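Notes follow the structure.
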Amino acid sequence: MGKKHANEANVDWQSISMKQYRVEPDTKVKLDNWDPNDKSQFDISKDDAAPLLAAMNTRLEELQELLYAEGKHKVLVVLQALDTGGKDGTIRHVFEGVNPAGVTVAPFGVPTAEELAHDYLWRVHKRTPGRGQMVIFNRSHYEDVLVVRVEGLVPEKVWKRRYAQINEFEQMLAEEGTTIVKFYLHIDLDEQKQRLQERLDDPSKQWKFAIGDLATRAKWPAYIDAYEAVLSKTSTTYAPWYVVPANRKWYRNLVISKVLIDTLERLEMSYPAPEEGLDKVVIV
Ligand code: AMP
Ligand code: MG
């Protein structure tokens with residue numbers, strides 16, 4: 001357990017459980033039953049969220065420093081969401097202050113010709129973390145059963161067998177020392193409309209607006225079906241999914257921070273033993 005951090009909201013955040021957002025293995029997920037506006041675990045105002053997140057950021061920094069120093073564990077964080085779901089914002093706010101030497105963001109966009117010439121896990125495996133490293137996947141191999149399924153980019157029999165392949169791949173990574181945690185940022189159709197409109201109206205955000213996002217939006221129900229399949233089939237003890245209520249950005253950040261802190265604390269990491277004889281060293 002880490003030391004207590006003061007926060008103005010005076011929330012005892014260390015004892016709050018994120019279990020309700022975790023998808024238990026082999027449960028059938030219906031996203032209608034997961035409220036994107038939920039704020040039950042941090043029932044505070046948006047103003048009180050900032051100091052709380054700052055306190056949690058400090059703890060995450062300590063744990064990431066320990067991960068790096070110990071050089072033993074590998075940590076893989078997967079972020080998945082529909083357009084405007086908040087993947088980029090999460091990376092900016094939750095990981096603010098971590099040591100860039102030990103944390104990498106790996107974005108997965110439309111595959112290149114070289115990537116397409118290989119199996120779908122080829123580009124992904126190359127980006128998985130080494131010892132002491134944390135890697136954040138901004139999109140991931142799950143696109144190969146999401147956009148690929150909805151857009152019919154491969155035959156059904158090909159994407160259907162990928163759920164089992166993905167579970168085995170993740171199990172192999174876990175057995176080889178990788179801690180995996182996966183987040184689906186859950187927003188609703190109205191929230192996406194507002195966020196797309198903001199991108200359209202704000203010249204500094206227009207670069208993020210792709211006309212093609214509207215065609216994707218029109219297929220919302222098919223994407224939700226595809227996400228439900230992912231969450232139902234690929235949440236495992238060694239690589240659990242969390243469904244994060246993400247209509248409120250501040251709440252999303254708190255939930256993700258807390259899950260990461262809990263996950264890293266469970267590793268029971270410690271600093272490497274100092275070199276023999278350090279107690280006798282005199283610096284002149
Ligand atoms: P963005 O996250 O806005 O940079 O967009 C990345 C785009 O790449 C999204 O439209 C994804 O659907 C797309 N993408 C990611 N992975 C794949 C994949 N394996 N096959 C096809 N499209 C993909
Ligand atoms: Mg985009």
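Convention: chains lettered A, B, ... in structure tokens order; per-chain residue numbering from 1; ligands numbered from 1 as shown.
The residues of stretch 91-262 of chain A that DSSP classifies as strand (DSSP E), using the backbone of this structure, are Val103, Thr104, Val105, Ala106, Pro107, Met134, Val135, Ile136, Phe137, Asn138, Thr178, Thr179, Ile180, Val181, Lys182, Phe183, Tyr184, Leu185, His186, Trp241, Tyr242, Val243, Val244 and Pro245 of chain A.
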Open item on the list: Set the distance at 8 Å and use only C-alpha atoms: which residues neighbour stretch 131-147 of chain A once local chain neighbours fewer than 6 positions away are removed? I'd like the list as number ranges by chain.
Closed with: A: 64, 67-81, 87-88, 102-109, 120-121, 124, 153, 159-160, 162-163, 166, 223, 226-227, 230
Task: At most 8 Å from ligand 2 (only C-alpha atoms and all ligand atoms): residue list as a list in words - done: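 So the residues close to ligand 2 are Asp83, Thr84, Lys208, Phe209, Ala210 and Asp213 of chain A.
Between atom 3 (O, counted along the ligand's line) of ligand 1 and atom CA of A:Leu82 lies a distance of 9.3 Å.
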TODO: Kindly give the distance, in Å, that separates atom CA of A:Tyr271 and atom CA of A:Ile283, rounded to a single decimal.
DONE: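 Straight-line distance from atom CA of A:Tyr271 to atom CA of A:Ile283 works out to 22.6 Å.
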Open item on the list: Residues near A:Glu191, anyone? I mean within 10 Å using only C-alpha atoms, not counting same-chain ones fewer than 5 positions away, as an MDAnalysis selection string.
Closed with: chainID A and resid 36 84:85 196:197 246:248
- [ ] Please indicate the distance in Å from atom CA of A:Tyr238 to atom CA of A:Thr128, rounded to one decimal place.
- [x]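 Rounded to one decimal, the two atoms are 15.3 Å apart.
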- [ ] Per DSSP on the backbone, filter stretch 39-79 of chain A down to the residues in helix (DSSP H, G or I) and report them as a ChimeraX atom specification.
- [x] /A:46-70
Open item on the list: Report as a PyMOL selection string all protein, DNA and RNA residues lying within 6 Å of stretch 20-24 of chain A, evaluated on only C-alpha atoms, omitting residues in the same chain fewer than 4 positions from it.
Closed with: chain A and resi 241-243
Task: Counting only C-alpha atoms and all ligand atoms, the residue of A:Trp122, A:Trp13, A:Phe169, A:Phe95 that sits nearest ligand 1 - done: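 Using only C-alpha atoms and all ligand atoms, the shortest distance to ligand 1 belongs to A:Trp122.
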TODO: Considering only C-alpha atoms and all ligand atoms, state which residue in the set A:Ala215, A:Met56, A:Leu63, A:Val181 is at the smallest distance from ligand 1.
DONE: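 Looking at the shortest contact to ligand 1, the residue is A:Ala215.
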TODO: Name the closest residue to A:Asn167 among the candidates A:Ser232, A:Gln194, A:Thr216, A:Thr27; distances are taken between atoms, counting only C-alpha atoms.
DONE: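 Ranking A:Ser232, A:Gln194, A:Thr216, A:Thr27 by distance to A:Asn167, first place goes to A:Ser232.
Counting only C-alpha atoms, the residue from A:Ala117, A:Leu173, A:Ala55, A:Ile187 that sits nearest to A:Lys249 is A:Ile187.
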